[in-house]
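Next up, run.cif (mmCIF, C-alpha atoms):
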data_coords
#
loop_
_atom_site.group_PDB
_atom_site.id
_atom_site.type_symbol
_atom_site.label_atom_id
_atom_site.label_comp_id
_atom_site.auth_asym_id
_atom_site.auth_seq_id
_atom_site.Cartn_x
_atom_site.Cartn_y
_atom_site.Cartn_z
ATOM 1 C CA MET A 336 -32.929 -8.633 29.614
ATOM 2 C CA THR A 337 -32.830 -7.935 25.867
ATOM 3 C CA SER A 338 -34.650 -9.824 23.154
ATOM 4 C CA THR A 339 -32.727 -11.429 20.315
ATOM 5 C CA ALA A 340 -35.841 -11.986 18.210
ATOM 6 C CA THR A 341 -35.672 -10.695 14.670
ATOM 7 C CA PRO A 342 -37.925 -7.641 14.285
ATOM 8 C CA PRO A 343 -41.091 -8.501 12.312
ATOM 9 C CA GLY A 344 -40.205 -6.164 9.435
ATOM 10 C CA LEU A 345 -36.740 -7.676 9.064
ATOM 11 C CA ALA A 346 -38.159 -11.216 9.226
ATOM 12 C CA ARG A 347 -40.616 -10.266 6.464
ATOM 13 C CA PHE A 348 -37.842 -8.719 4.382
ATOM 14 C CA ASN A 349 -35.641 -11.807 4.800
ATOM 15 C CA ALA A 350 -38.550 -14.039 3.691
ATOM 16 C CA LEU A 351 -39.506 -11.998 0.614
ATOM 17 C CA GLU A 352 -39.180 -13.570 -2.792
ATOM 18 C CA GLU A 353 -36.056 -12.195 -4.487
ATOM 19 C CA GLN A 354 -37.809 -9.824 -6.905
ATOM 20 C CA ALA A 355 -40.026 -8.390 -4.154
ATOM 21 C CA ALA A 356 -36.982 -7.861 -1.911
ATOM 22 C CA HIS A 357 -35.136 -6.194 -4.791
ATOM 23 C CA THR A 358 -38.097 -3.860 -5.350
ATOM 24 C CA ALA A 359 -38.227 -3.015 -1.635
ATOM 25 C CA LEU A 360 -34.514 -2.186 -1.642
ATOM 26 C CA LEU A 361 -34.843 0.042 -4.715
ATOM 27 C CA GLU A 362 -37.484 2.014 -2.808
ATOM 28 C CA VAL A 363 -34.817 2.647 -0.176
ATOM 29 C CA CYS A 364 -32.041 3.498 -2.660
ATOM 30 C CA ALA A 365 -32.298 3.749 -6.455
ATOM 31 C CA SER A 366 -28.830 2.243 -6.990
ATOM 32 C CA THR A 367 -29.168 -1.225 -8.496
ATOM 33 C CA ALA A 368 -25.594 -2.069 -7.411
ATOM 34 C CA TRP A 369 -26.426 -1.183 -3.785
ATOM 35 C CA ALA A 370 -29.651 -3.198 -3.923
ATOM 36 C CA ARG A 371 -27.899 -6.231 -5.466
ATOM 37 C CA ARG A 372 -25.239 -6.224 -2.739
ATOM 38 C CA LEU A 373 -27.837 -6.114 0.035
ATOM 39 C CA LEU A 374 -29.961 -8.738 -1.658
ATOM 40 C CA ALA A 375 -26.980 -11.094 -1.980
ATOM 41 C CA ALA A 376 -26.260 -10.899 1.760
ATOM 42 C CA ARG A 377 -29.729 -12.001 2.903
ATOM 43 C CA PRO A 378 -30.889 -13.233 5.334
ATOM 44 C CA TYR A 379 -29.864 -10.734 7.989
ATOM 45 C CA ALA A 380 -29.628 -11.880 11.600
ATOM 46 C CA ASP A 381 -30.497 -8.442 12.955
ATOM 47 C CA PRO A 382 -30.898 -4.831 11.834
ATOM 48 C CA ASP A 383 -27.255 -4.025 12.625
ATOM 49 C CA ALA A 384 -26.113 -6.635 10.108
ATOM 50 C CA LEU A 385 -28.363 -5.052 7.483
ATOM 51 C CA TYR A 386 -27.063 -1.559 8.302
ATOM 52 C CA ALA A 387 -23.457 -2.757 8.119
ATOM 53 C CA ALA A 388 -24.133 -4.346 4.727
ATOM 54 C CA SER A 389 -25.719 -1.088 3.573
ATOM 55 C CA ASP A 390 -22.715 0.936 4.714
ATOM 56 C CA ALA A 391 -20.317 -1.445 2.943
ATOM 57 C CA ALA A 392 -22.393 -1.361 -0.244
ATOM 58 C CA MET A 393 -22.511 2.451 -0.089
ATOM 59 C CA ALA A 394 -18.736 2.648 0.244
ATOM 60 C CA ALA A 395 -18.342 0.425 -2.830
ATOM 61 C CA LEU A 396 -20.565 2.491 -5.146
ATOM 62 C CA THR A 397 -18.894 3.841 -8.252
ATOM 63 C CA GLU A 398 -19.524 7.342 -9.530
ATOM 64 C CA ALA A 399 -22.115 5.926 -11.960
ATOM 65 C CA ASP A 400 -23.815 4.029 -9.116
ATOM 66 C CA LEU A 401 -23.976 7.232 -7.060
ATOM 67 C CA ALA A 402 -25.485 9.076 -10.019
ATOM 68 C CA GLU A 403 -28.131 6.363 -10.333
ATOM 69 C CA ALA A 404 -28.918 6.633 -6.612
ATOM 70 C CA MET A 405 -29.155 10.424 -6.728
ATOM 71 C CA ALA A 406 -31.492 10.286 -9.719
ATOM 72 C CA GLY A 407 -34.019 8.656 -7.384
ATOM 73 C CA HIS A 408 -34.227 11.789 -5.232
ATOM 74 C CA PRO A 409 -36.350 14.835 -6.014
ATOM 75 C CA PRO A 410 -34.918 18.319 -5.459
ATOM 76 C CA ILE A 411 -35.265 19.786 -1.967
ATOM 77 C CA GLY A 412 -38.484 21.774 -1.829
ATOM 78 C CA ARG A 413 -40.136 19.741 -4.570
ATOM 79 C CA PRO A 414 -41.104 16.328 -3.190
ATOM 80 C CA ARG A 415 -42.593 13.952 -5.734
ATOM 81 C CA PRO A 416 -46.368 14.385 -5.923
ATOM 82 C CA GLY A 417 -48.118 11.483 -4.241
ATOM 83 C CA ASP A 418 -44.883 10.161 -2.703
ATOM 84 C CA PRO A 419 -45.348 10.018 1.082
ATOM 85 C CA THR A 420 -41.673 9.146 1.704
ATOM 86 C CA SER A 421 -40.432 12.191 -0.166
ATOM 87 C CA ALA A 422 -43.020 14.432 1.535
ATOM 88 C CA ARG A 423 -42.146 13.064 5.009
ATOM 89 C CA GLU A 424 -38.409 13.474 4.471
ATOM 90 C CA GLN A 425 -38.790 17.033 3.208
ATOM 91 C CA ARG A 426 -41.259 18.094 5.893
ATOM 92 C CA GLY A 427 -38.904 20.955 6.831
ATOM 93 C CA MET A 428 -39.795 22.669 3.538
ATOM 94 C CA ALA A 429 -43.555 22.431 4.084
ATOM 95 C CA GLY A 430 -45.244 25.774 4.533
ATOM 96 C CA VAL A 431 -42.117 27.897 4.067
ATOM 97 C CA PRO A 432 -42.566 31.445 2.784
ATOM 98 C CA ASP A 433 -42.583 31.852 -1.009
ATOM 99 C CA GLY A 434 -39.335 33.830 -0.906
ATOM 100 C CA LEU A 435 -37.453 31.012 0.805
ATOM 101 C CA ARG A 436 -38.992 28.438 -1.526
ATOM 102 C CA ALA A 437 -37.887 30.508 -4.541
ATOM 103 C CA GLU A 438 -34.395 30.920 -3.077
ATOM 104 C CA MET A 439 -34.109 27.152 -2.572
ATOM 105 C CA LEU A 440 -35.149 26.606 -6.181
ATOM 106 C CA GLU A 441 -32.420 29.010 -7.314
ATOM 107 C CA LEU A 442 -29.836 27.371 -5.081
ATOM 108 C CA ASN A 443 -30.879 23.899 -6.254
ATOM 109 C CA LEU A 444 -30.451 24.982 -9.868
ATOM 110 C CA ALA A 445 -27.045 26.544 -9.168
ATOM 111 C CA TYR A 446 -25.947 23.378 -7.381
ATOM 112 C CA GLN A 447 -27.182 21.161 -10.207
ATOM 113 C CA GLU A 448 -25.400 23.320 -12.765
ATOM 114 C CA ARG A 449 -22.146 23.177 -10.780
ATOM 115 C CA PHE A 450 -22.150 19.475 -9.901
ATOM 116 C CA GLY A 451 -24.409 17.903 -12.541
ATOM 117 C CA HIS A 452 -26.831 16.330 -10.082
ATOM 118 C CA VAL A 453 -29.519 17.145 -7.557
ATOM 119 C CA PHE A 454 -28.495 18.642 -4.201
ATOM 120 C CA LEU A 455 -28.695 15.674 -1.862
ATOM 121 C CA ILE A 456 -29.017 16.080 1.879
ATOM 122 C CA CYS A 457 -30.607 13.981 4.574
ATOM 123 C CA ALA A 458 -33.506 16.382 5.036
ATOM 124 C CA THR A 459 -35.222 14.441 7.823
ATOM 125 C CA GLY A 460 -35.441 16.668 10.883
ATOM 126 C CA ARG A 461 -33.866 19.696 9.170
ATOM 127 C CA THR A 462 -35.498 23.072 8.784
ATOM 128 C CA ALA A 463 -35.677 24.914 5.487
ATOM 129 C CA GLU A 464 -33.149 27.403 6.843
ATOM 130 C CA GLU A 465 -30.703 24.611 7.719
ATOM 131 C CA MET A 466 -31.032 23.135 4.241
ATOM 132 C CA ARG A 467 -30.528 26.559 2.664
ATOM 133 C CA ALA A 468 -27.369 27.097 4.722
ATOM 134 C CA ALA A 469 -26.090 23.642 3.710
ATOM 135 C CA VAL A 470 -26.595 24.162 -0.016
ATOM 136 C CA ARG A 471 -24.974 27.600 0.175
ATOM 137 C CA GLU A 472 -21.959 26.156 1.961
ATOM 138 C CA ARG A 473 -21.667 23.101 -0.280
ATOM 139 C CA LEU A 474 -21.784 25.146 -3.490
ATOM 140 C CA GLY A 475 -18.197 26.143 -2.722
ATOM 141 C CA ASN A 476 -16.925 22.562 -2.388
ATOM 142 C CA PRO A 477 -14.632 20.984 -4.951
ATOM 143 C CA PRO A 478 -16.424 18.162 -6.831
ATOM 144 C CA GLU A 479 -14.378 15.405 -5.137
ATOM 145 C CA LYS A 480 -15.313 16.611 -1.654
ATOM 146 C CA GLU A 481 -18.936 17.045 -2.670
ATOM 147 C CA ARG A 482 -19.116 13.459 -3.971
ATOM 148 C CA GLU A 483 -18.017 12.164 -0.582
ATOM 149 C CA ILE A 484 -20.533 14.382 1.216
ATOM 150 C CA VAL A 485 -23.250 13.078 -1.113
ATOM 151 C CA ARG A 486 -22.171 9.489 -0.352
ATOM 152 C CA THR A 487 -22.430 10.221 3.394
ATOM 153 C CA GLU A 488 -25.823 11.931 3.075
ATOM 154 C CA LEU A 489 -27.146 9.098 0.931
ATOM 155 C CA GLY A 490 -25.973 6.619 3.569
ATOM 156 C CA LYS A 491 -27.915 8.540 6.227
ATOM 157 C CA ILE A 492 -31.055 8.532 4.072
ATOM 158 C CA ASN A 493 -30.681 4.811 3.413
ATOM 159 C CA ARG A 494 -30.276 4.109 7.142
ATOM 160 C CA ILE A 495 -33.505 5.967 7.948
ATOM 161 C CA ARG A 496 -35.385 4.167 5.198
ATOM 162 C CA LEU A 497 -33.988 0.751 6.124
ATOM 163 C CA THR A 498 -34.934 1.379 9.738
ATOM 164 C CA ARG A 499 -38.513 2.043 8.651
ATOM 165 C CA LEU A 500 -38.460 -1.137 6.552
ATOM 166 C CA VAL A 501 -37.228 -3.404 9.363
ATOM 167 C CA GLU A 502 -39.274 -1.859 12.162
ATOM 168 C CA GLU A 503 -42.632 -2.133 10.414
ATOM 169 C CA ASP A 504 -45.006 -4.498 12.177
#

I'd like the structure from this file rewritten - as structure tokens, please.
Amino acid sequence: MTSTATPPGLARFNALEEQAAHTALLEVCASTAWARRLLAARPYADPDALYAASDAAMAALTEADLAEAMAGHPPIGRPRPGDPTSAREQRGMAGVPDGLRAEMLELNLAYQERFGHVFLICATGRTAEEMRAAVRERLGNPPEKEREIVRTELGKINRIRLTRLVEED
């Protein structure tokens, strides 16, 4: 038998005052357009409804909205000091040899120069070597393809963060 009760974190999110809910959503994704769309669809009956709304909002983001969302992410290998979310998500870069860290910095800079924004990847569960291979491969992408990859990666990051938000006790 399965329970249909709303998870405590989702119930709390649904009950938040609008500004507090908006702030919580911006911690998940820095795109104000994405946050506004999710805020407008509250309350959510279950996590799947929230995830579906997130996916739809992600698909609707303009290039400017994507740029705003990406600006909320630090480069791989340089999590924001004092930011536990960024440190947790980039755990695969913790303790890597200096040579690999320096190579990632170089690759990040090359990527940023080519595409005009930070290299974005859902780093959760990935090793430093996997992230290095991904940035190397993606450097060769045409900008249009890379934008769609970024949109997909951002959606994955948002899903992980939303899951944490709705599953908190």

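Residues selected in this file by the PyMOL selection byres ((chain A and resi 362) around 10) comprise Ala356, His357, Thr358, Ala359, Leu360, Leu361, Val363, Cys364, Ala365, Ser366, Ala370, Gly407, Thr420, Asn493, Arg496, Leu497 and Leu500 of chain A.
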
Please save C-alpha atoms of the selected residues as a PDB file, keeping the file's coordinate frame.
ATOM      1  CA  ALA A 356     -36.982  -7.861  -1.911  1.00  0.00           C
ATOM      2  CA  HIS A 357     -35.136  -6.194  -4.791  1.00  0.00           C
ATOM      3  CA  THR A 358     -38.097  -3.860  -5.350  1.00  0.00           C
ATOM      4  CA  ALA A 359     -38.227  -3.015  -1.635  1.00  0.00           C
ATOM      5  CA  LEU A 360     -34.514  -2.186  -1.642  1.00  0.00           C
ATOM      6  CA  LEU A 361     -34.843   0.042  -4.715  1.00  0.00           C
ATOM      7  CA  VAL A 363     -34.817   2.647  -0.176  1.00  0.00           C
ATOM      8  CA  CYS A 364     -32.041   3.498  -2.660  1.00  0.00           C
ATOM      9  CA  ALA A 365     -32.298   3.749  -6.455  1.00  0.00           C
ATOM     10  CA  SER A 366     -28.830   2.243  -6.990  1.00  0.00           C
ATOM     11  CA  ALA A 370     -29.651  -3.198  -3.923  1.00  0.00           C
ATOM     12  CA  GLY A 407     -34.019   8.656  -7.384  1.00  0.00           C
ATOM     13  CA  THR A 420     -41.673   9.146   1.704  1.00  0.00           C
ATOM     14  CA  ASN A 493     -30.681   4.811   3.413  1.00  0.00           C
ATOM     15  CA  ARG A 496     -35.385   4.167   5.198  1.00  0.00           C
ATOM     16  CA  LEU A 497     -33.988   0.751   6.124  1.00  0.00           C
ATOM     17  CA  LEU A 500     -38.460  -1.137   6.552  1.00  0.00           C
TER      18      LEU A 500
END

TODO: Identify which of the residues A:Lys480, A:Arg377, A:His452, A:Arg486 lies closest to A:Leu396, counting all atoms listed in the file when measuring atom-to-atom distances.
DONE: A:Arg486

Open item on the list: Between atom CA of A:Leu345 and atom CA of A:Met405, what is the distance in Å, rounded to a tenth?
Closed with: 25.2 Å

Open item on the list: Show me, as a PyMOL selection string, the residues that have an atom within 10 Å of A:Ile492 when counting all atoms listed in the file, minus same-chain residues fewer than 2 positions from it.
Closed with: chain A and resi 363-364+424+455-459+486-490+494-498

- [ ] Name all residues at most 9 Å from A:Ala376 (count all atoms listed in the file; drop same-chain ones fewer than 4 positions away) and give them as a ChimeraX atom specification.
- [x] /A:371-372,385,388

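Atom CA of A:Tyr446 to atom CA of A:Val470 spans 7.4 Å [interatomic distance, one decimal].
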
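Take the candidates A:Asn476, A:Asn349, A:Gln447, A:Glu398 and check each one against A:Ala375 using all atoms listed in the file; the shortest distance goes to A:Asn349.
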
TODO: Compile the contact shell of A:Thr397 as a ChimeraX atom specification: residues with an atom at most 12 Å away, counting all atoms listed in the file, same-chain residues fewer than 4 positions apart removed.
DONE: /A:366-369,392-393,401-404,482-483,486

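With only the atoms specified (only C-alpha atoms) counting, those residues at most 9 Å away from (-34.5, -5.4, 14.8) are Thr339, Ala340, Thr341, Pro342, Pro343, Gly344, Leu345, Ala346, Ala380, Asp381, Pro382, Asp383, Thr498, Val501 and Glu502 of chain A.
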
- [ ] Could you check how far atom CA of A:Glu464 sits from atom CA of A:Ala406, in Å to one decimal?
- [x] 23.9 Å

Task: Close residues, A:Asn443 itself excluded, 10 Å, all atoms listed in the file, min 5 positions apart in chain, as a list in words - done: Pro410, Ile411, Gly412, Ala437, Glu438, Glu448, Arg449, His452, Val453, Phe454, Leu455, Arg467, Val470, Arg471 and Leu474 of chain A

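Using all atoms listed in the file, the shortest contact distance between A:Glu481 and any of A:Leu374, A:Ala469, A:Leu442, A:Ala350 is found at A:Ala469.
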